[in-house]
file run-v1.tsv (TSV, C-alpha atoms)
chain	number	residue	atom	x	y	z
A	19	MET	CA	-35.15	60.62	107.56
A	20	ILE	CA	-31.40	61.23	107.51
A	21	ASN	CA	-30.12	63.79	110.03
A	22	ARG	CA	-27.19	65.71	108.60
A	23	ARG	CA	-24.79	67.01	111.22
A	24	ARG	CA	-23.62	70.59	110.81
A	25	PRO	CA	-19.90	71.29	110.70
A	26	PRO	CA	-18.34	72.71	113.87
A	27	LEU	CA	-19.19	76.36	114.44
A	28	ALA	CA	-15.59	77.53	114.78
A	29	ILE	CA	-14.27	76.22	111.44
A	30	LEU	CA	-15.50	79.14	109.33
A	31	PRO	CA	-14.28	81.91	111.69
A	32	VAL	CA	-10.83	80.30	111.92
A	33	VAL	CA	-10.50	80.00	108.13
A	34	VAL	CA	-11.70	83.58	107.59
A	35	ALA	CA	-9.33	84.91	110.28
A	36	ILE	CA	-6.34	83.18	108.68
A	37	ILE	CA	-7.22	84.51	105.22
A	38	GLN	CA	-7.70	88.05	106.52
A	39	LEU	CA	-4.50	88.08	108.57
A	40	VAL	CA	-2.28	86.55	105.91
A	41	GLY	CA	-3.78	88.50	102.99
A	42	THR	CA	-3.77	91.85	104.82
A	43	HIS	CA	-0.24	91.23	106.09
A	44	PHE	CA	1.11	90.83	102.55
A	45	ALA	CA	-0.91	93.88	101.43
A	46	ALA	CA	0.62	95.89	104.27
A	47	LEU	CA	4.12	94.78	103.30
A	48	ARG	CA	3.44	95.83	99.73
A	49	PHE	CA	2.46	99.32	100.80
A	50	GLY	CA	5.17	99.51	103.45
A	51	GLU	CA	2.70	99.81	106.31
A	52	PRO	CA	3.21	97.05	108.89
A	53	LEU	CA	0.17	95.87	110.85
A	54	THR	CA	-0.15	97.08	114.43
A	55	TRP	CA	-1.57	95.08	117.29
A	56	PHE	CA	-4.82	97.09	117.05
A	57	ALA	CA	-5.17	96.23	113.34
A	58	VAL	CA	-4.65	92.56	114.16
A	59	LEU	CA	-7.29	92.82	116.89
A	60	LEU	CA	-9.80	94.29	114.43
A	61	LEU	CA	-8.95	91.62	111.85
A	62	LEU	CA	-9.73	88.94	114.45
A	63	ALA	CA	-12.84	90.64	115.87
A	64	GLY	CA	-14.83	90.32	112.63
A	65	PRO	CA	-14.30	86.54	112.24
A	66	ALA	CA	-15.00	86.09	115.96
A	67	LEU	CA	-18.44	87.65	115.45
A	68	LEU	CA	-19.19	84.91	112.89
A	69	LEU	CA	-19.64	82.58	115.86
A	70	LEU	CA	-23.07	84.24	116.28
A	71	ARG	CA	-24.21	83.41	112.75
A	72	ARG	CA	-26.64	80.67	113.85
A	73	ARG	CA	-28.09	82.30	116.95
A	74	ALA	CA	-28.16	86.00	116.00
A	75	PRO	CA	-27.26	86.61	112.34
A	76	GLY	CA	-28.73	90.14	112.36
A	77	PRO	CA	-26.72	91.60	115.25
A	78	MET	CA	-23.72	89.64	113.98
A	79	VAL	CA	-23.62	91.44	110.63
A	80	ALA	CA	-24.15	94.81	112.34
A	81	GLY	CA	-21.15	94.17	114.60
A	82	ILE	CA	-18.99	93.08	111.68
A	83	ALA	CA	-19.95	96.25	109.76
A	84	LEU	CA	-18.96	98.35	112.78
A	85	VAL	CA	-15.60	96.56	113.06
A	86	SER	CA	-14.97	97.02	109.33
A	87	PHE	CA	-15.73	100.74	109.61
A	88	GLY	CA	-13.32	101.02	112.52
A	89	TYR	CA	-10.59	99.34	110.47
A	90	ILE	CA	-11.11	101.74	107.54
A	91	ALA	CA	-11.40	104.81	109.77
A	92	ALA	CA	-8.10	103.94	111.50
A	93	GLY	CA	-6.39	104.12	108.11
A	94	PHE	CA	-5.02	100.60	108.14
A	95	PRO	CA	-3.90	99.06	104.82
A	96	TRP	CA	-6.55	97.60	102.58
A	97	GLY	CA	-6.71	93.91	101.85
A	98	PRO	CA	-9.13	91.02	102.33
A	99	PHE	CA	-10.19	92.47	105.70
A	100	ALA	CA	-13.81	92.72	104.49
A	101	LEU	CA	-14.17	88.97	103.82
A	102	CYS	CA	-15.98	88.47	107.12
A	103	LEU	CA	-18.36	91.33	106.21
A	104	ALA	CA	-19.21	89.69	102.89
A	105	ILE	CA	-19.88	86.35	104.59
A	106	GLY	CA	-21.90	88.06	107.32
A	107	LEU	CA	-24.09	89.86	104.78
A	108	ILE	CA	-24.77	86.66	102.85
A	109	VAL	CA	-25.48	84.62	106.00
A	110	SER	CA	-27.89	87.19	107.41
A	111	VAL	CA	-29.79	87.51	104.13
A	112	VAL	CA	-30.10	83.75	103.77
A	113	ALA	CA	-31.22	83.45	107.42
A	114	GLY	CA	-34.04	85.93	106.77
A	115	ASP	CA	-32.59	88.96	108.58
A	116	ARG	CA	-32.63	91.01	105.40
A	117	TRP	CA	-33.23	94.38	107.10
A	118	TRP	CA	-30.18	93.88	109.27
A	119	ALA	CA	-28.10	93.00	106.21
A	120	TRP	CA	-29.26	95.85	103.98
A	121	GLY	CA	-29.12	98.34	106.86
A	122	SER	CA	-25.59	97.28	107.79
A	123	ALA	CA	-24.53	97.51	104.13
A	124	ALA	CA	-26.02	101.01	103.85
A	125	ALA	CA	-24.25	102.10	107.04
A	126	ALA	CA	-20.98	100.63	105.79
A	127	ALA	CA	-21.43	102.43	102.46
A	128	LEU	CA	-22.03	105.77	104.18
A	129	ALA	CA	-19.04	105.25	106.48
A	130	GLY	CA	-16.86	104.26	103.55
A	131	TRP	CA	-18.02	107.31	101.61
A	132	SER	CA	-17.10	109.65	104.44
A	133	VAL	CA	-13.69	108.05	104.98
A	134	THR	CA	-12.72	107.86	101.30
A	135	LEU	CA	-13.96	111.41	100.78
A	136	GLN	CA	-11.60	112.64	103.48
A	137	GLN	CA	-8.78	110.60	101.99
A	138	GLY	CA	-9.56	111.82	98.47
A	139	GLU	CA	-10.16	108.30	97.11
A	140	GLY	CA	-13.59	108.58	95.51
A	141	ARG	CA	-12.79	105.83	93.02
A	142	ARG	CA	-12.25	103.38	95.88
A	143	PHE	CA	-15.71	104.27	97.30
A	144	VAL	CA	-17.33	103.36	93.98
A	145	PHE	CA	-15.59	100.00	94.14
A	146	VAL	CA	-16.80	99.45	97.73
A	147	LEU	CA	-20.37	100.40	96.80
A	148	VAL	CA	-20.45	98.02	93.83
A	149	TRP	CA	-18.89	95.29	95.96
A	150	LEU	CA	-21.57	95.67	98.65
A	151	VAL	CA	-24.39	95.51	96.09
A	152	VAL	CA	-22.93	92.39	94.48
A	153	VAL	CA	-22.56	90.68	97.86
A	154	LEU	CA	-26.15	91.48	98.81
A	155	LEU	CA	-27.45	90.20	95.47
A	156	VAL	CA	-25.50	86.98	95.97
A	157	GLY	CA	-27.13	86.65	99.38
A	158	GLU	CA	-30.61	87.22	97.91
A	159	LEU	CA	-29.94	84.62	95.22
A	160	ALA	CA	-28.75	82.10	97.81
A	161	ARG	CA	-31.84	82.81	99.90
A	162	SER	CA	-34.15	82.17	96.96
A	163	PHE	CA	-32.37	78.88	96.26
A	164	ARG	CA	-32.76	77.92	99.92
A	165	ILE	CA	-36.47	78.73	99.92
A	166	ARG	CA	-37.00	76.71	96.74
A	167	GLY	CA	-35.05	73.82	98.21
A	168	GLU	CA	-37.17	73.86	101.37
A	169	GLU	CA	-40.37	73.97	99.32
A	170	PHE	CA	-39.15	71.08	97.18
A	171	ARG	CA	-38.28	68.99	100.24
A	172	ARG	CA	-41.60	69.82	101.87
A	173	ALA	CA	-43.48	68.82	98.71
A	174	ALA	CA	-41.44	65.61	98.53
A	175	ARG	CA	-42.33	64.79	102.14
A	176	GLU	CA	-46.01	65.44	101.44
A	177	ARG	CA	-45.90	63.24	98.35
A	178	ALA	CA	-44.18	60.47	100.31
A	179	ALA	CA	-46.75	60.73	103.11
A	180	HIS	CA	-49.59	60.67	100.57
A	181	GLN	CA	-48.07	57.64	98.89
A	182	ARG	CA	-47.75	55.84	102.24
A	183	ASP	CA	-51.40	56.60	102.97
A	184	GLU	CA	-52.38	55.26	99.56
A	185	GLU	CA	-50.36	52.10	100.19
A	186	ARG	CA	-52.06	51.55	103.53
A	187	LEU	CA	-55.46	52.07	101.93
A	188	VAL	CA	-54.63	49.54	99.21
A	189	LEU	CA	-53.49	47.07	101.86
A	190	ALA	CA	-56.72	47.56	103.81
A	191	ARG	CA	-58.78	46.91	100.69
A	192	ASP	CA	-56.73	43.84	99.85
A	193	ILE	CA	-57.22	42.41	103.32
A	194	HIS	CA	-60.97	42.94	103.05
A	195	ASP	CA	-61.18	41.39	99.58
A	196	VAL	CA	-59.05	38.38	100.48
A	197	VAL	CA	-60.85	37.62	103.73
A	198	ALA	CA	-64.35	38.26	102.36
A	199	HIS	CA	-63.82	36.17	99.24
A	200	SER	CA	-62.06	33.30	100.97
A	201	LEU	CA	-64.51	33.04	103.85
A	202	SER	CA	-67.43	33.18	101.43
A	203	MET	CA	-65.97	30.35	99.38
A	204	ILE	CA	-65.17	28.34	102.49
A	205	HIS	CA	-68.75	28.81	103.68
A	206	VAL	CA	-70.20	27.67	100.36
A	207	GLN	CA	-67.90	24.67	100.10
A	208	ALA	CA	-68.64	23.67	103.69
A	209	SER	CA	-72.37	23.90	102.96
A	210	VAL	CA	-71.91	21.66	99.93
A	211	ALA	CA	-70.01	19.13	102.02
A	212	LEU	CA	-72.71	19.09	104.69
A	213	HIS	CA	-75.41	18.76	102.06
A	214	LEU	CA	-73.64	15.77	100.48
A	215	ASP	CA	-73.12	14.22	103.87
A	216	ARG	CA	-76.81	14.49	104.76
A	217	LYS	CA	-77.82	12.91	101.46
A	218	ASP	CA	-75.25	10.15	101.91
A	219	ALA	CA	-73.89	10.93	98.48
A	220	ASP	CA	-70.70	9.53	97.03
A	221	ALA	CA	-67.46	10.54	98.66
A	222	ALA	CA	-66.10	12.16	95.48
A	223	GLY	CA	-68.26	15.28	95.72
A	224	MET	CA	-67.55	15.72	99.41
A	225	ARG	CA	-63.85	15.16	98.85
A	226	GLU	CA	-63.84	17.85	96.14
A	227	ALA	CA	-65.61	20.33	98.40
A	228	LEU	CA	-63.22	19.67	101.28
A	229	GLU	CA	-60.25	19.94	98.90
A	230	ASN	CA	-61.48	23.33	97.72
A	231	ILE	CA	-61.80	24.45	101.34
A	232	LYS	CA	-58.23	23.35	102.00
A	233	ILE	CA	-56.82	25.09	98.92
A	234	GLY	CA	-58.84	28.28	99.39
A	235	SER	CA	-57.97	28.67	103.06
A	236	LYS	CA	-54.28	28.03	102.35
A	237	GLU	CA	-54.13	30.65	99.60
A	238	ALA	CA	-56.07	33.17	101.69
A	239	LEU	CA	-53.75	32.65	104.63
A	240	ALA	CA	-50.71	33.17	102.39
A	241	GLU	CA	-52.10	36.45	101.00
A	242	VAL	CA	-53.05	37.76	104.44
A	243	ARG	CA	-49.58	36.91	105.75
A	244	GLU	CA	-48.01	38.78	102.83
A	245	VAL	CA	-50.08	41.89	103.50
A	246	LEU	CA	-49.45	41.80	107.25
A	247	ALA	CA	-45.71	41.36	106.64
A	248	VAL	CA	-45.72	44.56	104.59
A	249	LEU	CA	-47.61	46.38	107.34
A	250	ARG	CA	-45.06	45.26	109.94
A	251	GLN	CA	-42.14	46.40	107.79
A	252	ASP	CA	-43.91	49.64	106.72
A	253	ALA	CA	-42.48	49.19	103.22
A	254	PRO	CA	-44.03	49.68	99.77
A	255	ARG	CA	-45.71	46.59	98.42
A	256	VAL	CA	-45.88	45.43	94.84
A	257	PRO	CA	-49.25	43.68	94.29
A	258	SER	CA	-48.82	40.00	93.50
A	259	GLN	CA	-52.23	39.39	91.90
A	260	ARG	CA	-51.78	39.15	88.16
A	261	LEU	CA	-54.14	38.62	85.24
A	262	GLU	CA	-52.80	35.08	84.79
A	263	GLN	CA	-54.27	34.21	88.19
A	264	LEU	CA	-57.84	34.98	87.12
A	265	GLU	CA	-58.14	31.47	85.68
A	266	ASP	CA	-57.33	29.95	89.08
A	267	LEU	CA	-59.82	32.29	90.73
A	268	ILE	CA	-62.56	31.24	88.30
A	269	THR	CA	-61.70	27.57	88.87
A	270	ARG	CA	-62.08	27.90	92.63
A	271	VAL	CA	-65.46	29.59	92.31
A	272	ARG	CA	-66.62	26.92	89.86
A	273	GLY	CA	-66.13	24.49	92.69
A	274	ALA	CA	-69.03	26.21	94.48
A	275	ASN	CA	-71.54	24.62	92.07
A	276	PHE	CA	-71.59	27.59	89.71
A	277	LEU	CA	-71.61	27.42	85.96
A	278	ILE	CA	-69.17	30.12	84.95
A	279	THR	CA	-68.48	31.29	81.42
A	280	TYR	CA	-65.15	33.08	81.40
A	281	THR	CA	-63.69	35.13	78.57
A	282	PRO	CA	-60.08	35.88	79.52
A	283	PRO	CA	-58.11	38.92	78.32
A	284	ILE	CA	-55.52	38.61	75.59
A	285	LEU	CA	-52.11	38.22	77.22
A	286	PRO	CA	-49.61	39.75	77.53
A	287	PRO	CA	-51.47	42.98	78.27
A	288	PRO	CA	-50.47	46.36	76.76
A	289	ASP	CA	-47.59	48.31	78.25
A	290	TRP	CA	-49.87	50.70	80.14
A	291	VAL	CA	-51.22	47.84	82.26
A	292	ASP	CA	-48.74	47.75	85.12
A	293	GLU	CA	-48.78	45.58	88.24
A	294	ARG	CA	-51.13	47.88	90.11
A	295	VAL	CA	-53.64	47.92	87.27
A	296	GLU	CA	-53.52	44.13	87.12
A	297	ASN	CA	-54.17	44.02	90.86
A	298	ILE	CA	-57.19	46.33	90.46
A	299	LEU	CA	-58.68	44.17	87.69
A	300	TYR	CA	-58.10	41.00	89.68
A	301	ARG	CA	-59.68	42.44	92.83
A	302	VAL	CA	-62.72	43.70	90.92
A	303	VAL	CA	-63.40	40.24	89.49
A	304	GLN	CA	-62.76	38.67	92.89
A	305	GLU	CA	-65.18	41.00	94.72
A	306	SER	CA	-67.82	40.58	92.01
A	307	LEU	CA	-67.69	36.80	92.33
A	308	THR	CA	-67.73	37.11	96.12
A	309	ASN	CA	-70.96	39.08	95.93
A	310	VAL	CA	-72.44	36.50	93.57
A	311	VAL	CA	-71.54	33.70	95.98
A	312	ARG	CA	-72.91	35.51	99.04
A	313	HIS	CA	-75.98	37.28	97.74
A	314	ALA	CA	-77.06	36.42	94.19
A	315	HIS	CA	-78.38	32.81	94.55
A	316	ALA	CA	-77.33	32.43	90.93
A	317	ASN	CA	-76.62	29.34	88.84
A	318	HIS	CA	-74.82	30.89	85.88
A	319	VAL	CA	-72.24	33.65	85.83
A	320	GLU	CA	-70.55	35.26	82.85
A	321	VAL	CA	-67.17	36.96	83.29
A	322	ASN	CA	-65.64	38.96	80.45
A	323	VAL	CA	-62.31	40.75	80.74
A	324	ASP	CA	-61.14	42.79	77.77
A	325	ILE	CA	-58.01	44.95	77.53
A	326	ASP	CA	-56.70	46.92	74.59
A	327	GLU	CA	-54.44	49.90	74.02
A	328	GLY	CA	-57.09	52.38	75.11
A	329	GLN	CA	-58.99	50.87	78.00
A	330	ALA	CA	-59.81	47.85	80.11
A	331	SER	CA	-63.36	46.64	80.69
A	332	ILE	CA	-64.92	43.97	82.87
A	333	ARG	CA	-68.47	42.58	82.70
A	334	VAL	CA	-69.73	40.19	85.36
A	335	SER	CA	-73.36	39.15	84.94
A	336	ASP	CA	-75.41	36.51	86.71
A	337	ASP	CA	-78.95	35.08	86.63
A	338	GLY	CA	-79.57	35.58	90.33
A	339	ILE	CA	-82.13	37.58	92.27
A	340	GLY	CA	-80.72	40.93	91.20
A	341	ILE	CA	-79.50	43.85	93.24
A	342	GLY	CA	-81.92	45.28	95.75
A	343	PRO	CA	-82.13	48.64	97.52
A	344	GLY	CA	-79.75	49.33	100.34
A	345	ARG	CA	-76.38	50.74	101.17
A	346	GLU	CA	-73.30	49.48	99.39
A	347	GLY	CA	-70.93	47.44	101.49
A	348	ASN	CA	-67.20	47.88	101.94
A	349	GLY	CA	-66.47	45.58	99.01
A	350	ILE	CA	-68.33	47.63	96.39
A	351	GLY	CA	-67.07	50.86	97.94
A	352	GLY	CA	-63.53	49.52	97.74
A	353	MET	CA	-64.00	48.67	94.06
A	354	ARG	CA	-65.22	52.19	93.31
A	355	GLU	CA	-62.28	53.74	95.15
A	356	ARG	CA	-59.74	51.54	93.36
A	357	LEU	CA	-61.16	52.43	89.97
A	358	ALA	CA	-61.65	56.12	90.73
A	359	ALA	CA	-57.96	56.39	91.69
A	360	ARG	CA	-57.15	55.45	88.08
A	361	GLY	CA	-59.94	57.42	86.43
A	362	GLY	CA	-62.21	54.39	86.01
A	363	SER	CA	-65.87	53.77	86.83
A	364	LEU	CA	-68.14	51.04	88.15
A	365	VAL	CA	-71.81	50.51	87.29
A	366	ILE	CA	-74.01	47.85	88.92
A	367	THR	CA	-77.47	47.34	87.44
A	368	ASN	CA	-80.26	44.81	87.29
A	369	ALA	CA	-80.14	42.91	84.02
A	370	ARG	CA	-82.38	40.21	82.58
A	371	PRO	CA	-80.40	37.58	80.69
A	372	ALA	CA	-82.23	36.00	77.79
A	373	ALA	CA	-82.25	32.54	79.35
A	374	ALA	CA	-83.26	33.62	82.86
A	375	GLU	CA	-86.59	34.63	84.40
A	376	THR	CA	-85.01	36.50	87.31
A	377	PRO	CA	-83.55	39.98	86.89
A	378	GLY	CA	-79.93	39.09	87.56
A	379	THR	CA	-77.09	41.53	88.18
A	380	LEU	CA	-74.67	43.16	85.75
A	381	VAL	CA	-71.37	44.65	86.96
A	382	SER	CA	-69.72	46.89	84.34
A	383	VAL	CA	-66.23	48.26	84.87
A	384	TRP	CA	-64.31	50.71	82.70
A	385	LEU	CA	-60.67	51.68	83.25
A	386	PRO	CA	-58.89	54.11	80.86
A	387	ALA	CA	-55.33	53.69	79.70
A	388	THR	CA	-52.83	55.60	81.79
A	389	GLU	CA	-50.00	57.61	80.26
A	390	ILE	CA	-46.71	55.71	80.10
A	391	PRO	CA	-43.86	57.81	81.48
A	392	HIS	CA	-41.01	58.26	79.05
A	393	ALA	CA	-37.41	57.81	80.17
call {"tool": "encode", "arguments": {"input": "run-v1.tsv", "output": "structure tokens"}}
result
Amino acid sequence: MINRRRPPLAILPVVVAIIQLVGTHFAALRFGEPLTWFAVLLLLAGPALLLLRRRAPGPMVAGIALVSFGYIAAGFPWGPFALCLAIGLIVSVVAGDRWWAWGSAAAAALAGWSVTLQQGEGRRFVFVLVWLVVVLLVGELARSFRIRGEEFRRAARERAAHQRDEERLVLARDIHDVVAHSLSMIHVQASVALHLDRKDADAAGMREALENIKIGSKEALAEVREVLAVLRQDAPRVPSQRLEQLEDLITRVRGANFLITYTPPILPPPDWVDERVENILYRVVQESLTNVVRHAHANHVEVNVDIDEGQASIRVSDDGIGIGPGREGNGIGGMRERLAARGGSLVITNARPAAAETPGTLVSVWLPATEIPHA
């Protein structure tokens, strides 16, 4: 957050004092009434009270009103002597001391009425009254702008904090998905390698399993490093998982002795599918396959990803043991949260494929098209 330094406190009083002295001096020369030392003292007293505008704006405007009344009552020549009163009224209203401002203006109006009545200048009193009302209305308008500005900045800070929280939540989900999927695949591939070693099988199958372990662990480490780097920098992260990478994901899982039928989406996707939506779709497929690897004991998996102008849908079905009773883990909960943030839904049911005797599991995902902001 940028801290803006306020200007020095004495700049405004000095400028106002110069304007009042010079302007009133020329007005006095015009009317043939030279300024006395007491008039100069009063012209300097009002700007001097502006030094209290930050600590005590209410008493400040009351003192300025009293000084202005003294100047008028002494019969000194008119001029811009009331500039400090106008600034004091506006400052006090904006600062929230509205009763001080309106009370001081009312007192100044009554004092001006009594003085001008004695001097027989009723027309000048009308001018003073209108001038005071205009100044107060300007102060009220400035105060409303200030309040709206503070509300806007507060709302912006809340939105930024909410966005940071959402980013951290996405990062936490990504870390879980990457680690869970990669460790599951490493476990399966290591089991295949041990099984081949015990059966003294050919070295090709073992070499493939070990190669998949190497590739999977390397890619998982790269993703985890990327996420942790973002956490260290506390900066927004653009998800790097794209729909084009689903083919590589399917290929890695096929190395775990699964028969996978994959129907990819038509690329490029529609305009409403941004990088975050692609990341959600990728993570849903990844978590679904992770659950198949860890829990399903399946031989065949079907993955269908379809995207059009109105929605995106994913179907992941297997011929495994089916979903049993129990609490959902962090992976499924993370999928639901990702989809719910975009208005989507997730349904996991037991399904009986035609070619399988076991119930199997069907994961159905629906994600609606989001509105594209117009420039």
call {"tool": "residues_around", "arguments": {"input": "run-v1.tsv", "residues": "Phe99 in chain A", "least_positions_apart": "4", "cutoff": "7 Å", "atoms": "all atoms listed in the file", "output": "number ranges by chain"}}
result
A: 38, 42, 61
call {"tool": "atom_distance", "arguments": {"input": "run-v1.tsv", "atom1": "CA of Ile350 in chain A", "atom2": "CA of Glu265 in chain A"}}
result
21.9 Å
call {"tool": "residues_around", "arguments": {"input": "run-v1.tsv", "residues": "Phe94 in chain A", "least_positions_apart": "6", "cutoff": "12 Å", "atoms": "only C-alpha atoms", "output": "short mmCIF file (atom, residue, chain, number, x, y, z; two decimals) with C-alpha atoms, in the frame of the given file"}}
result
data_model
loop_
_atom_site.label_atom_id
_atom_site.label_comp_id
_atom_site.auth_asym_id
_atom_site.auth_seq_id
_atom_site.Cartn_x
_atom_site.Cartn_y
_atom_site.Cartn_z
CA THR A 42 -3.77 91.85 104.82
CA HIS A 43 -0.24 91.23 106.09
CA ALA A 45 -0.91 93.88 101.43
CA ALA A 46 0.62 95.89 104.27
CA LEU A 47 4.12 94.78 103.30
CA PHE A 49 2.46 99.32 100.80
CA GLY A 50 5.17 99.51 103.45
CA GLU A 51 2.70 99.81 106.31
CA PRO A 52 3.21 97.05 108.89
CA LEU A 53 0.17 95.87 110.85
CA THR A 54 -0.15 97.08 114.43
CA TRP A 55 -1.57 95.08 117.29
CA PHE A 56 -4.82 97.09 117.05
CA ALA A 57 -5.17 96.23 113.34
CA VAL A 58 -4.65 92.56 114.16
CA LEU A 59 -7.29 92.82 116.89
CA LEU A 60 -9.80 94.29 114.43
CA LEU A 61 -8.95 91.62 111.85
CA SER A 86 -14.97 97.02 109.33
CA PHE A 87 -15.73 100.74 109.61
CA GLY A 88 -13.32 101.02 112.52
CA VAL A 133 -13.69 108.05 104.98
#
call {"tool": "atom_distance", "arguments": {"input": "run-v1.tsv", "atom1": "CA of Val112 in chain A", "atom2": "CA of Arg166 in chain A"}}
result
12.1 Å
call {"tool": "atom_distance", "arguments": {"input": "run-v1.tsv", "atom1": "CA of Ala387 in chain A", "atom2": "CA of Ala173 in chain A"}}
result
27.0 Å
call {"tool": "residues_around", "arguments": {"input": "run-v1.tsv", "residues": "range 291-305 of chain A", "least_positions_apart": "2", "cutoff": "7 Å", "atoms": "all atoms listed in the file", "output": "PyMOL selection string"}}
result
chain A and resi 195+199+257+259-261+264+287-289+307-309+349+353+356
call {"tool": "closest_residue", "arguments": {"input": "run-v1.tsv", "among": "A:Thr281, A:Asn317, A:Ser122, A:Asn368", "to": "Leu103 in chain A", "atoms": "only C-alpha atoms"}}
result
A:Ser122
call {"tool": "residues_around", "arguments": {"input": "run-v1.tsv", "residues": "Asp324 in chain A", "least_positions_apart": "3", "cutoff": "10 Å", "atoms": "all atoms listed in the file", "output": "PyMOL selection string"}}
result
chain A and resi 281-284+287+329-333+384
call {"tool": "closest_residue", "arguments": {"input": "run-v1.tsv", "among": "A:Leu30, A:Ile341, A:Leu39, A:Ala91", "to": "Leu70 in chain A", "atoms": "only C-alpha atoms"}}
result
A:Leu30
call {"tool": "closest_residue", "arguments": {"input": "run-v1.tsv", "among": "A:Asn348, A:Arg354, A:His315, A:Thr367", "to": "Leu385 in chain A", "atoms": "only C-alpha atoms"}}
result
A:Arg354
call {"tool": "decode", "arguments": {"input": "run-v1.tsv", "residues": "range 24-58 of chain A", "atoms": "C-alpha atoms", "output": "PDB file, in the first residue's frame"}}
result
ATOM      1  CA  ARG A  24       0.591  15.209   3.329  1.00  0.00           C
ATOM      2  CA  PRO A  25       1.861  18.640   2.330  1.00  0.00           C
ATOM      3  CA  PRO A  26       3.382  20.766   5.103  1.00  0.00           C
ATOM      4  CA  LEU A  27       0.792  22.213   7.451  1.00  0.00           C
ATOM      5  CA  ALA A  28       1.933  25.824   7.080  1.00  0.00           C
ATOM      6  CA  ILE A  29       1.642  26.096   3.277  1.00  0.00           C
ATOM      7  CA  LEU A  30      -2.100  26.782   3.197  1.00  0.00           C
ATOM      8  CA  PRO A  31      -2.106  29.420   5.983  1.00  0.00           C
ATOM      9  CA  VAL A  32       0.794  31.276   4.342  1.00  0.00           C
ATOM     10  CA  VAL A  33      -0.911  31.335   0.938  1.00  0.00           C
ATOM     11  CA  VAL A  34      -4.234  32.458   2.449  1.00  0.00           C
ATOM     12  CA  ALA A  35      -2.515  35.172   4.510  1.00  0.00           C
ATOM     13  CA  ILE A  36      -0.761  36.571   1.430  1.00  0.00           C
ATOM     14  CA  ILE A  37      -3.994  36.604  -0.591  1.00  0.00           C
ATOM     15  CA  GLN A  38      -5.922  38.305   2.213  1.00  0.00           C
ATOM     16  CA  LEU A  39      -3.266  40.936   2.899  1.00  0.00           C
ATOM     17  CA  VAL A  40      -2.598  41.815  -0.732  1.00  0.00           C
ATOM     18  CA  GLY A  41      -6.255  41.712  -1.822  1.00  0.00           C
ATOM     19  CA  THR A  42      -7.531  43.694   1.169  1.00  0.00           C
ATOM     20  CA  HIS A  43      -4.698  46.206   0.806  1.00  0.00           C
ATOM     21  CA  PHE A  44      -5.714  47.034  -2.769  1.00  0.00           C
ATOM     22  CA  ALA A  45      -9.377  47.174  -1.711  1.00  0.00           C
ATOM     23  CA  ALA A  46      -8.459  49.612   1.052  1.00  0.00           C
ATOM     24  CA  LEU A  47      -6.524  51.795  -1.387  1.00  0.00           C
ATOM     25  CA  ARG A  48      -9.525  51.821  -3.693  1.00  0.00           C
ATOM     26  CA  PHE A  49     -11.794  53.085  -0.940  1.00  0.00           C
ATOM     27  CA  GLY A  50      -9.164  55.414   0.470  1.00  0.00           C
ATOM     28  CA  GLU A  51      -8.997  53.612   3.808  1.00  0.00           C
ATOM     29  CA  PRO A  52      -5.459  52.432   4.585  1.00  0.00           C
ATOM     30  CA  LEU A  53      -5.059  49.301   6.696  1.00  0.00           C
ATOM     31  CA  THR A  54      -4.083  49.776  10.329  1.00  0.00           C
ATOM     32  CA  TRP A  55      -1.849  47.483  12.311  1.00  0.00           C
ATOM     33  CA  PHE A  56      -4.928  46.021  14.052  1.00  0.00           C
ATOM     34  CA  ALA A  57      -6.534  45.203  10.688  1.00  0.00           C
ATOM     35  CA  VAL A  58      -3.337  43.486   9.587  1.00  0.00           C
TER      36      VAL A  58
END
